[in-house]
$ cat model.csv   # CSV, C-alpha atoms and all ligand atoms
chain,number,residue,atom,x,y,z
A,1,MET,CA,-13.5,-75.6,77.7
A,2,GLN,CA,-12.4,-79.1,78.9
A,3,VAL,CA,-15.3,-81.5,78.6
A,4,PRO,CA,-15.1,-83.3,81.9
A,5,PHE,CA,-14.3,-80.0,83.8
A,6,PRO,CA,-16.6,-77.4,82.3
A,7,GLY,CA,-16.2,-75.0,85.3
A,8,GLU,CA,-12.4,-75.0,85.4
A,9,ARG,CA,-10.7,-72.8,82.9
A,10,PRO,CA,-7.0,-73.6,82.8
A,11,GLU,CA,-4.9,-70.6,84.0
A,12,GLY,CA,-2.7,-69.0,81.3
A,13,ILE,CA,-4.6,-70.0,78.2
A,14,ASP,CA,-4.6,-66.4,77.0
A,15,LEU,CA,-0.8,-66.3,76.8
A,16,PRO,CA,0.5,-65.6,73.4
A,17,HIS,CA,2.2,-69.0,73.0
A,18,VAL,CA,-1.2,-70.8,73.3
A,19,LEU,CA,-2.4,-71.4,69.8
A,20,THR,CA,-5.4,-72.6,67.9
A,21,THR,CA,-4.8,-75.0,65.0
A,22,HIS,CA,-5.7,-72.1,62.7
A,23,ASP,CA,-2.8,-70.1,64.2
A,24,LEU,CA,-0.6,-73.1,64.0
A,25,PHE,CA,-1.3,-73.9,60.3
A,26,SER,CA,-1.5,-70.4,59.0
A,27,THR,CA,0.4,-67.6,60.8
A,28,ILE,CA,2.7,-68.7,63.5
A,29,ASP,CA,6.5,-68.8,63.3
A,30,LEU,CA,8.0,-71.9,64.9
A,31,GLU,CA,11.6,-70.8,64.7
A,32,GLY,CA,13.4,-71.9,67.9
A,33,VAL,CA,10.5,-74.0,69.2
A,34,SER,CA,11.6,-77.5,70.5
A,35,THR,CA,8.7,-78.6,72.6
A,36,ALA,CA,4.9,-78.4,72.2
A,37,VAL,CA,1.8,-79.7,74.0
A,38,VAL,CA,-1.3,-80.5,72.0
A,39,VAL,CA,-4.4,-80.5,74.2
A,40,ASP,CA,-7.4,-82.2,72.4
A,41,MET,CA,-11.0,-81.9,73.4
A,42,ALA,CA,-12.4,-82.8,70.0
A,43,GLY,CA,-11.1,-86.4,69.4
A,44,HIS,CA,-11.0,-85.8,65.6
A,45,TYR,CA,-8.3,-85.7,62.9
A,46,GLU,CA,-7.4,-82.1,63.8
A,47,ALA,CA,-5.1,-83.2,66.7
A,48,LEU,CA,-3.4,-85.8,64.5
A,49,ALA,CA,-2.8,-83.1,61.9
A,50,ALA,CA,-1.4,-80.7,64.5
A,51,ILE,CA,0.9,-83.3,65.9
A,52,GLU,CA,2.2,-84.2,62.5
A,53,PHE,CA,2.7,-80.6,61.6
A,54,LEU,CA,4.8,-80.0,64.7
A,55,MET,CA,6.8,-83.2,64.5
A,56,THR,CA,7.7,-82.6,60.8
A,57,ARG,CA,9.4,-79.5,62.2
A,58,ARG,CA,11.4,-81.7,64.7
A,59,ILE,CA,9.4,-80.5,67.7
A,60,LYS,CA,8.9,-82.9,70.6
A,61,VAL,CA,5.2,-83.2,71.2
A,62,THR,CA,3.2,-84.3,74.3
A,63,PHE,CA,-0.4,-85.1,73.5
A,64,VAL,CA,-3.0,-84.5,76.3
A,65,SER,CA,-6.6,-85.7,76.1
A,66,TYR,CA,-9.4,-86.4,78.6
A,67,MET,CA,-10.3,-89.4,76.3
A,68,HIS,CA,-9.0,-92.9,76.8
A,69,ASN,CA,-7.1,-92.9,73.6
A,70,MET,CA,-6.2,-90.7,70.6
A,71,ALA,CA,-9.6,-90.4,69.1
A,72,LYS,CA,-13.4,-90.7,69.5
A,73,PRO,CA,-15.1,-93.8,68.2
A,74,HIS,CA,-15.9,-92.4,64.7
A,75,ILE,CA,-12.2,-92.1,64.0
A,76,ARG,CA,-11.4,-95.4,65.7
A,77,SER,CA,-14.0,-97.2,63.6
A,78,THR,CA,-11.9,-96.6,60.5
A,79,TRP,CA,-8.6,-97.1,62.4
A,80,ARG,CA,-7.4,-93.8,61.0
A,81,ASP,CA,-5.4,-93.0,64.1
A,82,ASP,CA,-3.3,-96.1,64.1
A,83,PRO,CA,-1.2,-95.4,61.0
A,84,ALA,CA,-0.8,-91.8,62.2
A,85,VAL,CA,0.5,-92.9,65.6
A,86,GLU,CA,2.9,-95.4,63.9
A,87,ARG,CA,4.2,-92.5,61.8
A,88,PHE,CA,4.7,-90.3,64.8
A,89,TYR,CA,6.9,-92.9,66.6
A,90,ARG,CA,9.0,-93.2,63.5
A,91,LYS,CA,9.2,-89.4,63.0
A,92,GLY,CA,10.5,-88.2,66.4
A,93,GLU,CA,9.7,-87.7,70.0
A,94,ILE,CA,6.1,-88.0,71.2
A,95,GLU,CA,4.4,-88.8,74.5
A,96,PHE,CA,0.7,-89.7,74.8
A,97,LEU,CA,-1.2,-88.7,77.9
A,98,PRO,CA,-4.7,-90.0,77.7
A,99,GLN,CA,-7.1,-89.4,80.6
A,100,HIS,CA,-5.3,-86.1,81.4
A,101,ARG,CA,-6.3,-82.5,81.5
A,102,LEU,CA,-4.6,-79.2,81.2
A,103,VAL,CA,-4.4,-77.3,84.5
A,104,GLU,CA,-2.1,-74.3,83.8
A,105,VAL,CA,0.1,-72.8,81.1
A,106,ARG,CA,3.2,-70.7,81.9
A,107,PRO,CA,5.9,-69.5,79.5
A,108,GLY,CA,7.6,-72.7,78.4
A,109,ILE,CA,5.6,-75.0,80.6
A,110,ALA,CA,2.2,-76.8,80.7
A,111,VAL,CA,0.9,-78.3,83.9
A,112,VAL,CA,-1.2,-81.4,83.5
A,113,GLN,CA,-3.1,-83.7,85.8
A,114,PRO,CA,-4.7,-87.2,85.3
A,115,THR,CA,-8.5,-86.7,85.1
A,116,GLU,CA,-9.1,-89.3,87.9
A,117,ALA,CA,-6.3,-88.1,90.2
A,118,ASP,CA,-5.9,-85.2,92.7
A,119,ALA,CA,-3.5,-82.3,92.4
A,120,SER,CA,-0.6,-84.2,94.0
A,121,HIS,CA,-0.3,-86.0,90.6
A,122,ARG,CA,0.2,-82.8,88.6
A,123,ARG,CA,3.3,-82.6,86.5
A,124,SER,CA,5.0,-79.9,84.4
A,125,ILE,CA,5.8,-80.6,80.8
A,126,GLY,CA,8.1,-78.5,78.5
A,127,ALA,CA,5.9,-76.5,76.2
A,128,ASP,CA,7.3,-73.7,74.1
A,129,ARG,CA,3.9,-73.8,72.4
A,130,VAL,CA,0.5,-75.1,73.6
A,131,VAL,CA,-2.0,-76.0,70.9
A,132,LEU,CA,-5.6,-76.0,72.2
A,133,ILE,CA,-8.1,-78.0,70.2
A,134,THR,CA,-11.6,-77.4,71.5
A,135,GLN,CA,-15.1,-77.5,70.0
A,136,ASN,CA,-15.5,-74.7,67.5
A,137,LYS,CA,-17.7,-71.6,67.8
A,138,PRO,CA,-20.3,-70.8,65.1
A,139,LEU,CA,-19.5,-68.0,62.7
A,140,ASP,CA,-23.0,-66.5,62.7
A,141,GLY,CA,-22.3,-62.8,62.4
A,142,LEU,CA,-24.0,-62.6,59.0
A,143,TYR,CA,-27.2,-64.1,60.4
A,144,TYR,CA,-27.5,-61.4,63.1
A,145,GLU,CA,-26.7,-58.6,60.5
A,146,LEU,CA,-29.5,-59.8,58.2
A,147,ARG,CA,-32.2,-61.2,60.4
A,148,ASP,CA,-34.1,-57.9,60.9
A,149,GLU,CA,-34.3,-57.3,57.1
A,150,LEU,CA,-34.6,-60.8,55.6
A,151,PRO,CA,-36.2,-64.2,56.6
A,152,VAL,CA,-32.8,-65.9,57.2
A,153,GLN,CA,-32.3,-69.2,58.9
A,154,LEU,CA,-29.3,-70.5,60.7
A,155,VAL,CA,-28.3,-74.0,59.6
A,156,GLY,CA,-25.2,-76.3,59.7
A,157,ASP,CA,-22.0,-75.1,61.3
A,158,ALA,CA,-23.3,-71.5,61.5
A,159,ASN,CA,-26.0,-72.9,63.8
A,160,SER,CA,-23.5,-75.1,65.8
A,161,PRO,CA,-20.3,-76.7,64.4
A,162,ARG,CA,-20.9,-80.4,64.0
A,163,ASP,CA,-20.6,-82.8,61.1
A,164,VAL,CA,-21.7,-82.5,57.5
A,165,GLN,CA,-24.8,-84.7,57.9
A,166,PHE,CA,-26.3,-82.2,60.4
A,167,ALA,CA,-25.6,-79.4,57.9
A,168,ILE,CA,-27.3,-81.3,55.1
A,169,THR,CA,-30.3,-82.1,57.2
A,170,GLU,CA,-30.8,-78.6,58.5
A,171,GLY,CA,-30.2,-77.1,55.0
A,172,TYR,CA,-32.8,-79.5,53.6
A,173,LEU,CA,-35.4,-78.6,56.3
A,174,ALA,CA,-34.7,-74.9,55.7
A,175,GLY,CA,-35.2,-75.4,52.0
A,176,ARG,CA,-38.6,-77.1,52.6
A,177,ARG,CA,-39.6,-74.2,54.8
A,178,ILE,CA,-38.7,-71.6,52.1
A,179,ARG,CA,-40.7,-73.6,49.5
A,180,GLY,CA,-43.6,-73.8,51.9
A,181,ASP,CA,-43.6,-77.6,52.1
A,182,LYS,CA,-45.3,-79.3,55.0
A,183,PRO,CA,-42.8,-79.3,58.0
A,184,VAL,CA,-41.1,-82.6,58.9
A,185,SER,CA,-39.3,-83.0,62.2
A,186,ALA,CA,-35.5,-83.5,62.1
B,1,LIG,C1,-10.8,-79.9,59.9
B,1,LIG,C2,-12.3,-80.4,59.7
B,1,LIG,C3,-12.5,-81.7,59.4
B,1,LIG,C4,-13.8,-82.2,59.3
B,1,LIG,N1,-14.1,-83.5,59.0
B,1,LIG,C5,-15.3,-83.9,58.8
B,1,LIG,C6,-15.6,-85.3,58.5
B,1,LIG,O1,-14.7,-86.1,58.3
B,1,LIG,N2,-16.9,-85.7,58.3
B,1,LIG,C7,-17.9,-84.8,58.5
B,1,LIG,O2,-19.1,-85.2,58.3
B,1,LIG,N3,-17.7,-83.5,58.8
B,1,LIG,C8,-16.4,-83.0,59.0
B,1,LIG,N4,-16.2,-81.7,59.3
B,1,LIG,C9,-17.3,-80.8,59.5
B,1,LIG,C10,-18.0,-80.4,58.2
B,1,LIG,O3,-16.9,-79.9,57.4
B,1,LIG,C11,-19.0,-79.3,58.5
B,1,LIG,O4,-19.9,-79.7,59.5
B,1,LIG,C12,-19.8,-78.9,57.3
B,1,LIG,O5,-18.9,-78.5,56.2
B,1,LIG,C13,-20.7,-77.8,57.6
B,1,LIG,O6,-21.4,-77.4,56.4
B,1,LIG,P1,-22.0,-75.9,56.3
B,1,LIG,O7,-22.5,-75.8,54.9
B,1,LIG,O8,-22.8,-75.6,57.5
B,1,LIG,O9,-20.7,-74.9,56.4
B,1,LIG,P2,-19.4,-74.8,55.5
B,1,LIG,O10,-19.1,-76.0,54.8
B,1,LIG,O11,-18.4,-74.1,56.4
B,1,LIG,O12,-19.9,-73.7,54.4
B,1,LIG,C14,-20.1,-72.4,54.6
B,1,LIG,C15,-19.7,-71.6,53.4
B,1,LIG,O13,-20.1,-70.3,53.5
B,1,LIG,C16,-19.0,-69.4,53.1
B,1,LIG,N5,-19.2,-68.1,53.7
B,1,LIG,C17,-19.1,-67.8,55.0
B,1,LIG,N6,-19.3,-66.5,55.2
B,1,LIG,C18,-19.7,-66.0,54.0
B,1,LIG,C19,-20.1,-64.7,53.6
B,1,LIG,N7,-20.2,-63.7,54.4
B,1,LIG,N8,-20.4,-64.6,52.3
B,1,LIG,C20,-20.3,-65.6,51.4
B,1,LIG,N9,-19.9,-66.8,51.8
B,1,LIG,C21,-19.6,-67.0,53.1
B,1,LIG,C22,-17.8,-70.2,53.5
B,1,LIG,O14,-16.7,-69.7,52.8
B,1,LIG,C23,-18.2,-71.6,53.2
B,1,LIG,O15,-17.9,-72.0,51.9
B,1,LIG,C24,-14.9,-81.3,59.4
B,1,LIG,C25,-14.6,-79.9,59.7
B,1,LIG,C26,-13.3,-79.5,59.9
B,1,LIG,C27,-13.1,-78.0,60.2
$ encode --input "model.csv" --output "structure tokens"
Amino acid sequence: MQVPFPGERPEGIDLPHVLTTHDLFSTIDLEGVSTAVVVDMAGHYEALAAIEFLMTRRIKVTFVSYMHNMAKPHIRSTWRDDPAVERFYRKGEIEFLPQHRLVEVRPGIAVVQPTEADASHRRSIGADRVVLITQNKPLDGLYYELRDELPVQLVGDANSPRDVQFAITEGYLAGRRIRGDKPVSA
């Protein structure tokens, strides 16, 4: 779940106040919530959107990421995180904890630790809600339903969620196979 610690699943992440961004943006009532921790493993705009969504509701946010800053290089390359961070500081209370990981979630609390430090550096942060942003899982149920009856192929995010260029490439190659064109390697 956490990129640098693949064998260590944080305790408590099945608790009901631990949310995906889908939960956060669509279904969850934030009445009475004053603190939230956003844990980001993806390094994309999703975390920025989650933080903004929470801060707009006057919720104090702590951002936790194993990365060295807010975002991976493809976001940094266009500096899209900088204006967002400036907005956050104007908007309300936010603390950034890069090079940190989530260790445990309890009701109202998230325990975090610097990625390069031992357990004596753990600290507890107020967290009425914890938003977990991890790599997505493919939605591939339709493929497994149809594959015994039809010559279906898994492409794009249904194969493995990535970026649009991978989906275009795999869709193109699948199209060539259907048409019977000479195969090309991706
Ligand atoms: C928040 C977010 C931000 C992103 N930002 C970027 C970005 O900046 N740059 C980038 O390159 N990529 C980005 N991506 C990734 C990119 O959107 C995907 O990699 C790409 O859309 C995958 O294309 P796809 O055709 O495989 O799947 P999709 O675009 O998901 O298309 C699948 C389609 O199939 C439909 N469908 C599913 N099940 C059924 C069914 N049973 N019957 C009929 N229709 C069905 C869905 O409704 C959907 O329209 C982002 C993704 C997310 C979630």
$ residues_near_ligand --input "model.csv" --ligand "ligand LIG 1 (chain B)" --cutoff "8 Å" --atoms "all atoms listed in the file" --output "PyMOL selection string"
chain A and resi 44-46+139+142+155-159+161-168+171
$ residues_around --input "model.csv" --residues "Val39 of chain A" --least-positions-apart "4" --cutoff "7 Å" --atoms "only C-alpha atoms" --output "compact mmCIF listing (two decimals) with C-alpha atoms, in the coordinates of the input"
# COMPACT_ATOMS: atom_id res chain seq x y z
CA PHE A 63 -0.40 -85.10 73.50
CA VAL A 64 -3.00 -84.50 76.30
CA SER A 65 -6.60 -85.70 76.10
CA VAL A 131 -2.00 -76.00 70.90
CA LEU A 132 -5.60 -76.00 72.20
CA ILE A 133 -8.10 -78.00 70.20
$ atom_distance --input "model.csv" --atom1 "atom CA of Asp29 of chain A" --atom2 "atom CA of Val61 of chain A"
16.5 Å
$ atom_distance --input "model.csv" --atom1 "atom CA of Glu116 of chain A" --atom2 "atom CA of Glu93 of chain A"
26.0 Å
$ atom_distance --input "model.csv" --atom1 "atom CA of Glu95 of chain A" --atom2 "atom CA of Asp118 of chain A"
21.2 Å
$ closest_residue --input "model.csv" --among "A:Ala42, A:Val184, A:Leu48, A:Val3" --to "Glu170 of chain A" --atoms "only C-alpha atoms"
A:Val184
$ residues_around --input "model.csv" --residues "Gly43 of chain A" --least-positions-apart "6" --cutoff "8 Å" --atoms "only C-alpha atoms" --output "ChimeraX atom specification"
/A:67,70-72,75
$ residues_around --input "model.csv" --residues "segment 134-137 of chain A" --least-positions-apart "6" --cutoff "8 Å" --atoms "all atoms listed in the file" --output "list in words"
Met1, Gln2, Asp40, Met41, Ala42, Ser160 and Pro161 of chain A
$ closest_residue --input "model.csv" --among "A:Leu24, A:Ala84, A:Leu150, A:Ala127" --to "Gly108 of chain A" --atoms "all atoms listed in the file"
A:Ala127
$ closest_residue --input "model.csv" --among "A:Ala117, A:Ala36, A:Leu146, A:Ala49" --to "His100 of chain A" --atoms "all atoms listed in the file"
A:Ala117
$ residues_around --input "model.csv" --residues "Val85 of chain A" --least-positions-apart "4" --cutoff "10 Å" --atoms "all atoms listed in the file" --output "ChimeraX atom specification"
/A:48,51-52,70,80-81,89-91,94,96
$ closest_residue --input "model.csv" --among "A:Arg129, A:Lys182, A:Arg87, A:Arg122" --to "Val37 of chain A" --atoms "only C-alpha atoms"
A:Arg129
$ residues_around --input "model.csv" --residues "Ile13 of chain A" --least-positions-apart "5" --cutoff "8 Å" --atoms "only C-alpha atoms" --output "list in words"
Val18, Glu104 and Val105 of chain A
$ closest_residue --input "model.csv" --among "A:Pro114, A:Pro83, A:Pro16, A:Pro73" --to "Asp128 of chain A" --atoms "only C-alpha atoms"
A:Pro16
$ decode --input "model.csv" --residues "segment 12-95 of chain A" --atoms "C-alpha atoms" --output "PDB file, in the first residue's frame"
ATOM      1  CA  GLY A  12      -6.657   0.653  11.361  1.00  0.00           C
ATOM      2  CA  ILE A  13      -7.055   1.525   7.690  1.00  0.00           C
ATOM      3  CA  ASP A  14     -10.309  -0.430   7.568  1.00  0.00           C
ATOM      4  CA  LEU A  15     -11.923   1.889  10.118  1.00  0.00           C
ATOM      5  CA  PRO A  16     -14.988   3.736   8.825  1.00  0.00           C
ATOM      6  CA  HIS A  17     -13.411   7.192   9.033  1.00  0.00           C
ATOM      7  CA  VAL A  18     -10.656   6.157   6.565  1.00  0.00           C
ATOM      8  CA  LEU A  19     -11.834   7.294   3.128  1.00  0.00           C
ATOM      9  CA  THR A  20     -10.942   7.098  -0.522  1.00  0.00           C
ATOM     10  CA  THR A  21     -11.220  10.287  -2.561  1.00  0.00           C
ATOM     11  CA  HIS A  22     -14.284   8.726  -4.180  1.00  0.00           C
ATOM     12  CA  ASP A  23     -15.887   8.551  -0.716  1.00  0.00           C
ATOM     13  CA  LEU A  24     -14.724  12.058   0.088  1.00  0.00           C
ATOM     14  CA  PHE A  25     -16.014  13.716  -3.068  1.00  0.00           C
ATOM     15  CA  SER A  26     -19.264  11.804  -3.424  1.00  0.00           C
ATOM     16  CA  THR A  27     -20.891  10.381  -0.356  1.00  0.00           C
ATOM     17  CA  ILE A  28     -19.361  11.374   2.924  1.00  0.00           C
ATOM     18  CA  ASP A  29     -20.876  13.814   5.413  1.00  0.00           C
ATOM     19  CA  LEU A  30     -18.181  16.069   6.918  1.00  0.00           C
ATOM     20  CA  GLU A  31     -20.437  17.694   9.527  1.00  0.00           C
ATOM     21  CA  GLY A  32     -18.463  18.203  12.766  1.00  0.00           C
ATOM     22  CA  VAL A  33     -15.116  17.270  11.209  1.00  0.00           C
ATOM     23  CA  SER A  34     -12.302  19.661  12.174  1.00  0.00           C
ATOM     24  CA  THR A  35      -9.112  17.711  11.328  1.00  0.00           C
ATOM     25  CA  ALA A  36      -8.071  15.454   8.467  1.00  0.00           C
ATOM     26  CA  VAL A  37      -4.932  13.685   7.302  1.00  0.00           C
ATOM     27  CA  VAL A  38      -4.392  13.158   3.574  1.00  0.00           C
ATOM     28  CA  VAL A  39      -1.940  10.323   2.865  1.00  0.00           C
ATOM     29  CA  ASP A  40      -0.676  10.406  -0.711  1.00  0.00           C
ATOM     30  CA  MET A  41       1.056   7.551  -2.499  1.00  0.00           C
ATOM     31  CA  ALA A  42       0.244   8.715  -6.031  1.00  0.00           C
ATOM     32  CA  GLY A  43       1.888  12.164  -6.263  1.00  0.00           C
ATOM     33  CA  HIS A  44      -0.748  13.458  -8.637  1.00  0.00           C
ATOM     34  CA  TYR A  45      -3.386  16.190  -8.596  1.00  0.00           C
ATOM     35  CA  GLU A  46      -5.781  13.943  -6.658  1.00  0.00           C
ATOM     36  CA  ALA A  47      -4.187  14.854  -3.306  1.00  0.00           C
ATOM     37  CA  LEU A  48      -4.292  18.562  -4.101  1.00  0.00           C
ATOM     38  CA  ALA A  49      -7.987  18.249  -4.917  1.00  0.00           C
ATOM     39  CA  ALA A  50      -8.667  16.353  -1.685  1.00  0.00           C
ATOM     40  CA  ILE A  51      -6.819  18.953   0.404  1.00  0.00           C
ATOM     41  CA  GLU A  52      -8.677  21.813  -1.254  1.00  0.00           C
ATOM     42  CA  PHE A  53     -12.012  20.059  -0.801  1.00  0.00           C
ATOM     43  CA  LEU A  54     -11.350  19.635   2.934  1.00  0.00           C
ATOM     44  CA  MET A  55      -9.918  23.128   3.492  1.00  0.00           C
ATOM     45  CA  THR A  56     -12.859  24.750   1.737  1.00  0.00           C
ATOM     46  CA  ARG A  57     -14.909  23.181   4.537  1.00  0.00           C
ATOM     47  CA  ARG A  58     -12.615  24.802   7.167  1.00  0.00           C
ATOM     48  CA  ILE A  59     -10.992  21.508   8.073  1.00  0.00           C
ATOM     49  CA  LYS A  60      -7.367  21.563   9.261  1.00  0.00           C
ATOM     50  CA  VAL A  61      -5.327  19.271   7.006  1.00  0.00           C
ATOM     51  CA  THR A  62      -2.048  17.425   7.476  1.00  0.00           C
ATOM     52  CA  PHE A  63      -0.524  16.132   4.254  1.00  0.00           C
ATOM     53  CA  VAL A  64       1.617  12.980   4.517  1.00  0.00           C
ATOM     54  CA  SER A  65       3.694  11.628   1.635  1.00  0.00           C
ATOM     55  CA  TYR A  66       6.722   9.389   1.273  1.00  0.00           C
ATOM     56  CA  MET A  67       7.869  11.738  -1.506  1.00  0.00           C
ATOM     57  CA  HIS A  68      10.211  14.669  -0.981  1.00  0.00           C
ATOM     58  CA  ASN A  69       7.590  17.225  -1.919  1.00  0.00           C
ATOM     59  CA  MET A  70       3.930  17.491  -2.869  1.00  0.00           C
ATOM     60  CA  ALA A  71       4.084  15.846  -6.221  1.00  0.00           C
ATOM     61  CA  LYS A  72       5.895  13.614  -8.653  1.00  0.00           C
ATOM     62  CA  PRO A  73       8.027  15.231 -11.384  1.00  0.00           C
ATOM     63  CA  HIS A  74       5.294  15.241 -14.040  1.00  0.00           C
ATOM     64  CA  ILE A  75       3.247  17.628 -11.878  1.00  0.00           C
ATOM     65  CA  ARG A  76       6.337  19.553 -10.783  1.00  0.00           C
ATOM     66  CA  SER A  77       7.341  20.013 -14.429  1.00  0.00           C
ATOM     67  CA  THR A  78       4.349  22.289 -14.959  1.00  0.00           C
ATOM     68  CA  TRP A  79       4.527  23.784 -11.436  1.00  0.00           C
ATOM     69  CA  ARG A  80       0.875  22.979 -10.917  1.00  0.00           C
ATOM     70  CA  ASP A  81       1.411  22.268  -7.228  1.00  0.00           C
ATOM     71  CA  ASP A  82       2.907  25.693  -6.383  1.00  0.00           C
ATOM     72  CA  PRO A  83      -0.222  27.842  -6.897  1.00  0.00           C
ATOM     73  CA  ALA A  84      -2.255  25.177  -5.113  1.00  0.00           C
ATOM     74  CA  VAL A  85       0.039  25.275  -2.080  1.00  0.00           C
ATOM     75  CA  GLU A  86      -0.092  29.087  -2.046  1.00  0.00           C
ATOM     76  CA  ARG A  87      -3.886  28.860  -2.066  1.00  0.00           C
ATOM     77  CA  PHE A  88      -3.851  26.385   0.824  1.00  0.00           C
ATOM     78  CA  TYR A  89      -1.779  28.678   3.056  1.00  0.00           C
ATOM     79  CA  ARG A  90      -4.189  31.542   2.322  1.00  0.00           C
ATOM     80  CA  LYS A  91      -7.206  29.353   2.923  1.00  0.00           C
ATOM     81  CA  GLY A  92      -6.592  27.932   6.405  1.00  0.00           C
ATOM     82  CA  GLU A  93      -4.513  25.539   8.467  1.00  0.00           C
ATOM     83  CA  ILE A  94      -2.262  23.070   6.685  1.00  0.00           C
ATOM     84  CA  GLU A  95       0.886  21.164   7.595  1.00  0.00           C
TER      85      GLU A  95
END
